[in-house]
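> Have a look at this one before I ask anything.
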Amino acid sequence: MLSPQRVVAAASGGAGDAMESAKPCPVQVVLVQKDQHAFELEEKALASILLQEHIRDLDVVVVSVAGAFRKGKSFFLDFMLRYLYFQKEGGRSNWLGDPEEPLTGFSWRGGSDPETTGIQIWSEVFTVEKPDGKKVAVVLMDTQGAFDSQSTVKDCATIFALSTMTSSVQLFTEYGRLAMDEIFQKPFQTLMFLVRDWSFPYEYNYGLQGGMSFLEKRLQVKEHQHEEIQNVRNHIHSCFSSVTCFLLPHPGLQVATSPDFDGKVKDIASEFKEQLQTLIPYVLNPANLMEKEINGSKVTCRGLLEYFKAYIKIYQGEDLPHPKSMLQATAEANNLAAAASAKDMYYNNMEEVSGGDKPYLSPDILEEKHCEFKELALDHFKKIKKMGGKDFSLRYQQELEEEIKELYENFCKHNGSKNVFSTFRTPAVLFTGIVALYIASGLTGFIGLEVVAQLFNCMVGLLLIALLTWGYIRYSGQYRELGGAIDSGAAYVLEQATSHVGNSTQAAVRDAVVGRPSLDKKAQ
């Protein structure tokens, strides 16, 4: 059933395709290498979506659809997209839209072969305001269908696991029944069984109420059941904080059998549309959008990226990972997300005082601000609820301190470049040297020291060449190493000169102070 699908123009591109295009589209974030049955994270593509400035620090709600292949997962997600865009634009009419408008969004098509591979997410992250006024980021995730002819059991289990471990609201699609022996068990948040082509409305009505009654019956534990089936029923409520079920009718023969079906609402059975208008608003109701939580702490978009990176690593081997490995990966991602949040806090605070076009700041004041903001960042890291204990988190704290140190060094360089004297230090030193040597050459030539005068003239020529070279390097940006050497030489000369002047001044002051008592005695 529900094998209607169509291919979107920009559908499942790689890292750069989605973000280069101004139009939102599905982005492949987990690739499947079918020959090796291996998985690869498109980190650049995922980061370009989750690290957008306006959403990266918002708590994230990940809505995913999982299930067997050719069961219309992408089809349902496209209706979710239509509803979310309708809400975003403030529409008040029927969110299903024009009956003649084809269904667009995630790639889908008709037929018996699977369309989606790996994991895709929509390139636009929606911001939704919850009833308490809090804004959350909503990410829609599409997954590869399970149990097709080309995927191994490990492939299917990996996709299910990644989807469940990274989502907070998961819809599990099933065909006309509830196959409890095929549920992938994971202790996460919201699970909705979406039973399509329900053929027994006289027993259980379509919709949520009938679905909950049906689910309650299917979750009953009976003595004659196999022990494994009993275990599934006994544990499913402890695995998910919310478990619901929704019964949907058949969408109509036009949807199921026509190769030309392109998602037009007019071709969908009215009974199905009626239930769809209940299902989608229910799933995407702000009150029902549960933020992703791990270890009792809400996950931000930035944190979700770290969890993806950690989880994909443990599924690279030939065997499915041990639960201990999964816990270790979760703890690592948890600490990395906390460190990234603390590092960002330090960076933003330093940007406020010395970043961008802020005026030059005294090095002493800059160091004082650095120490203050570093303590704030470390305190923020320590206060975040983390997994693994203090000893486990210590390594990540030390890495955070090193990264903050590097950031501080960069801020010092950036701040130093704003110092007007620092900018003109090299040409000033070179010009002063040229003038001094030119005068010295004239004086020595005047008193008859022609050889020394010629030597001074040569030095004037060399300094003039250095000055012109430095100016060209600054203008063109080429030969930067040579420019750095000239800057270093000028800095050394200036340092030696100021040091000599300082020492001479101190000696003169000391002599004046020491010599005054002797003069006083002679006067007496």
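Each chain in the structure tokens gets a letter, A, B, ..., in the order shown, and its residues are numbered from 1; ligands are numbered from 1 in order too.
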Within 6 Å of stretch 126-134 of chain A, counting only C-alpha atoms, which residues qualify if same-chain residues fewer than 3 places away don't, as a PyMOL selection string?
chain A and resi 137-138+286
> Can you write out the residues you just picked, keeping C-alpha atoms, as a tab-separated table (two decimals), in the first residue's frame?

```
chain	number	residue	atom	x	y	z
A	137	ALA	CA	13.78	23.52	16.27
A	138	VAL	CA	11.85	20.85	14.33
A	286	PRO	CA	3.39	22.06	19.52
```
> Give me, as a list in words, all polymer residues having an atom no more than 12 Å from A:Tyr492, counting only C-alpha atoms and skipping those fewer than 5 positions away in the same chain.
Arg425, Thr426, Val429, Leu430, Ala485, Ile486, Asp487, Ala497, Thr498 and Ser499 of chain A
> Write a file of the just-selected residues containing C-alpha atoms, as a compact mmCIF listing (two decimals), in the first residue's frame.

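After the write, out31.txt holds the following:
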```
# COMPACT_ATOMS: atom_id res chain seq x y z
CA ARG A 425 55.54 49.72 13.06
CA THR A 426 57.55 48.09 10.29
CA VAL A 429 61.23 51.51 11.78
CA LEU A 430 62.48 51.15 8.20
CA ALA A 485 60.64 38.03 8.19
CA ILE A 486 60.78 41.80 7.53
CA ASP A 487 58.20 42.38 10.30
CA ALA A 497 66.35 50.20 20.60
CA THR A 498 63.63 50.68 23.21
CA SER A 499 65.47 48.33 25.59
```
> Mind checking which residues fall within 10 Å of stretch 270-275 of chain A, counting only C-alpha atoms, ignoring those fewer than 4 positions away in the same chain, and posting them as a list in words?
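My list of contacting residues is Leu96, Arg196, Asp197, Tyr206, Gly207, Leu208, Phe246, Leu247, Leu248, Pro249, His250, Pro251, Gly252, Val265, Lys266, Leu279 and Ile280 of chain A.
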> With N, CA and C atoms kept, could you save the residues just selected as a tab-separated table (two decimals), in the first residue's frame?

```tsv
chain	number	residue	atom	x	y	z
A	96	LEU	N	-4.26	21.20	3.37
A	96	LEU	CA	-3.97	20.25	2.29
A	96	LEU	C	-3.74	20.96	0.97
A	196	ARG	N	-1.56	1.44	8.34
A	196	ARG	CA	-2.23	1.89	7.13
A	196	ARG	C	-3.04	0.77	6.48
A	197	ASP	N	-3.95	1.15	5.62
A	197	ASP	CA	-4.84	0.20	4.94
A	197	ASP	C	-5.62	-0.63	5.96
A	206	TYR	N	-11.21	4.10	12.61
A	206	TYR	CA	-10.05	4.81	12.13
A	206	TYR	C	-9.67	5.91	13.13
A	207	GLY	N	-8.40	6.27	13.11
A	207	GLY	CA	-7.97	7.39	13.94
A	207	GLY	C	-7.24	6.98	15.20
A	208	LEU	N	-7.04	7.95	16.07
A	208	LEU	CA	-6.24	7.74	17.28
A	208	LEU	C	-6.98	6.91	18.32
A	246	PHE	N	-2.25	4.92	15.44
A	246	PHE	CA	-3.23	5.60	14.59
A	246	PHE	C	-3.59	4.68	13.43
A	247	LEU	N	-4.90	4.47	13.22
A	247	LEU	CA	-5.37	3.59	12.15
A	247	LEU	C	-5.81	4.43	10.96
A	248	LEU	N	-5.27	4.11	9.79
A	248	LEU	CA	-5.58	4.85	8.57
A	248	LEU	C	-6.26	3.93	7.55
A	249	PRO	N	-7.24	4.45	6.82
A	249	PRO	CA	-7.87	3.65	5.77
A	249	PRO	C	-6.98	3.57	4.52
A	250	HIS	N	-7.44	2.82	3.54
A	250	HIS	CA	-6.75	2.74	2.25
A	250	HIS	C	-6.87	4.09	1.54
A	251	PRO	N	-5.80	4.56	0.88
A	251	PRO	CA	-5.86	5.88	0.23
A	251	PRO	C	-6.59	5.89	-1.11
A	252	GLY	N	-6.98	4.73	-1.59
A	252	GLY	CA	-7.69	4.68	-2.87
A	252	GLY	C	-6.89	3.98	-3.95
A	265	VAL	N	-4.03	15.90	-4.30
A	265	VAL	CA	-5.01	15.59	-3.25
A	265	VAL	C	-6.31	15.09	-3.85
A	266	LYS	N	-6.67	15.55	-5.03
A	266	LYS	CA	-7.94	15.16	-5.66
A	266	LYS	C	-8.00	13.66	-5.96
A	279	LEU	N	-4.44	13.27	11.64
A	279	LEU	CA	-3.13	12.72	12.01
A	279	LEU	C	-2.02	13.77	12.01
A	280	ILE	N	-1.83	14.48	10.89
A	280	ILE	CA	-0.70	15.40	10.76
A	280	ILE	C	-0.74	16.52	11.80
```
> Give me the residues within 12 Å of A:Gly303 as an NGL selection string, counting only C-alpha atoms and dropping any in the same chain fewer than 2 places off.
:A and (46-47 or 50-51 or 55-60 or 166 or 292-294 or 297-301 or 305-310 or 330-342)
> Any chance you could export the current selection's N, CA and C atoms as a compact mmCIF listing (two decimals), in the first residue's frame?

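Generated output (out-v5.txt):
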```txt
# COMPACT_ATOMS: atom_id res chain seq x y z
N LEU A 46 25.35 17.69 7.12
CA LEU A 46 24.58 17.75 8.36
C LEU A 46 24.90 19.01 9.15
N ALA A 47 26.19 19.36 9.21
CA ALA A 47 26.60 20.57 9.94
C ALA A 47 26.03 21.83 9.31
N LEU A 50 22.39 21.88 10.76
CA LEU A 50 22.19 21.95 12.22
C LEU A 50 22.95 23.10 12.87
N LEU A 51 23.97 23.63 12.22
CA LEU A 51 24.76 24.71 12.83
C LEU A 51 24.39 26.09 12.30
N ILE A 55 19.33 28.57 14.75
CA ILE A 55 18.72 27.38 15.38
C ILE A 55 19.70 26.49 16.14
N ARG A 56 21.00 26.73 16.01
CA ARG A 56 21.98 25.76 16.53
C ARG A 56 21.91 25.57 18.04
N ASP A 57 21.47 26.58 18.78
CA ASP A 57 21.40 26.46 20.23
C ASP A 57 19.98 26.23 20.74
N LEU A 58 19.03 26.00 19.83
CA LEU A 58 17.67 25.67 20.24
C LEU A 58 17.57 24.17 20.52
N ASP A 59 16.74 23.80 21.50
CA ASP A 59 16.46 22.38 21.73
C ASP A 59 15.77 21.83 20.48
N VAL A 60 16.13 20.59 20.13
CA VAL A 60 15.69 20.05 18.85
C VAL A 60 14.62 18.98 19.03
N THR A 166 18.42 8.99 17.41
CA THR A 166 18.57 10.43 17.16
C THR A 166 17.24 11.16 17.08
N LYS A 292 14.24 16.27 21.91
CA LYS A 292 15.12 15.13 22.06
C LYS A 292 15.84 15.21 23.40
N GLU A 293 15.78 14.13 24.17
CA GLU A 293 16.45 14.08 25.47
C GLU A 293 17.38 12.88 25.54
N ILE A 294 18.52 13.08 26.16
CA ILE A 294 19.46 11.99 26.44
C ILE A 294 19.94 12.17 27.87
N SER A 297 18.67 15.21 29.78
CA SER A 297 19.01 16.56 29.33
C SER A 297 18.55 16.75 27.89
N LYS A 298 17.98 17.91 27.62
CA LYS A 298 17.51 18.20 26.27
C LYS A 298 18.70 18.44 25.34
N VAL A 299 18.55 18.01 24.11
CA VAL A 299 19.62 18.09 23.11
C VAL A 299 19.35 19.26 22.17
N THR A 300 20.38 20.05 21.90
CA THR A 300 20.27 21.15 20.94
C THR A 300 20.64 20.64 19.54
N CYS A 301 20.42 21.49 18.54
CA CYS A 301 20.81 21.12 17.17
C CYS A 301 22.32 20.87 17.10
N LEU A 305 24.35 17.02 16.20
CA LEU A 305 25.46 16.75 15.27
C LEU A 305 26.50 15.85 15.94
N GLU A 306 26.83 16.13 17.19
CA GLU A 306 27.83 15.33 17.91
C GLU A 306 27.33 13.90 18.11
N TYR A 307 26.04 13.73 18.39
CA TYR A 307 25.49 12.39 18.57
C TYR A 307 25.52 11.60 17.27
N PHE A 308 25.20 12.25 16.16
CA PHE A 308 25.30 11.58 14.86
C PHE A 308 26.72 11.10 14.62
N LYS A 309 27.70 11.96 14.88
CA LYS A 309 29.10 11.62 14.64
C LYS A 309 29.54 10.45 15.52
N ALA A 310 29.06 10.44 16.76
CA ALA A 310 29.46 9.36 17.68
C ALA A 310 28.79 8.04 17.32
N THR A 330 27.41 7.41 23.37
CA THR A 330 26.48 8.44 23.84
C THR A 330 27.15 9.35 24.85
N ALA A 331 27.95 8.76 25.75
CA ALA A 331 28.65 9.57 26.75
C ALA A 331 29.66 10.50 26.08
N GLU A 332 30.38 10.01 25.09
CA GLU A 332 31.35 10.85 24.37
C GLU A 332 30.65 12.01 23.68
N ALA A 333 29.57 11.70 22.97
CA ALA A 333 28.83 12.76 22.27
C ALA A 333 28.25 13.76 23.26
N ASN A 334 27.79 13.26 24.39
CA ASN A 334 27.23 14.11 25.43
C ASN A 334 28.26 15.12 25.94
N ASN A 335 29.47 14.66 26.18
CA ASN A 335 30.54 15.53 26.66
C ASN A 335 31.03 16.48 25.56
N LEU A 336 31.11 15.98 24.33
CA LEU A 336 31.53 16.83 23.22
C LEU A 336 30.53 17.96 22.99
N ALA A 337 29.24 17.64 23.12
CA ALA A 337 28.22 18.68 22.94
C ALA A 337 28.32 19.73 24.04
N ALA A 338 28.59 19.29 25.27
CA ALA A 338 28.74 20.23 26.38
C ALA A 338 29.96 21.12 26.17
N ALA A 339 31.07 20.53 25.70
CA ALA A 339 32.28 21.31 25.44
C ALA A 339 32.06 22.31 24.30
N ALA A 340 31.34 21.89 23.26
CA ALA A 340 31.06 22.79 22.14
C ALA A 340 30.21 23.97 22.58
N SER A 341 29.25 23.71 23.47
CA SER A 341 28.40 24.79 23.98
C SER A 341 29.21 25.77 24.82
N ALA A 342 30.11 25.24 25.66
CA ALA A 342 30.95 26.11 26.50
C ALA A 342 31.93 26.92 25.65
```
> Can you work out the spacing between atom CA of A:Ile465 and atom CA of A:Ala491 in Å, to one decimal?
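Taking atom CA of A:Ile465 and atom CA of A:Ala491, their separation equals 17.5 Å.
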> For a quick check of understanding, using only C-alpha atoms, which of A:Val27, A:Leu284, A:Met165, A:Ile159 has the smallest distance to A:Ile121?
A:Val27
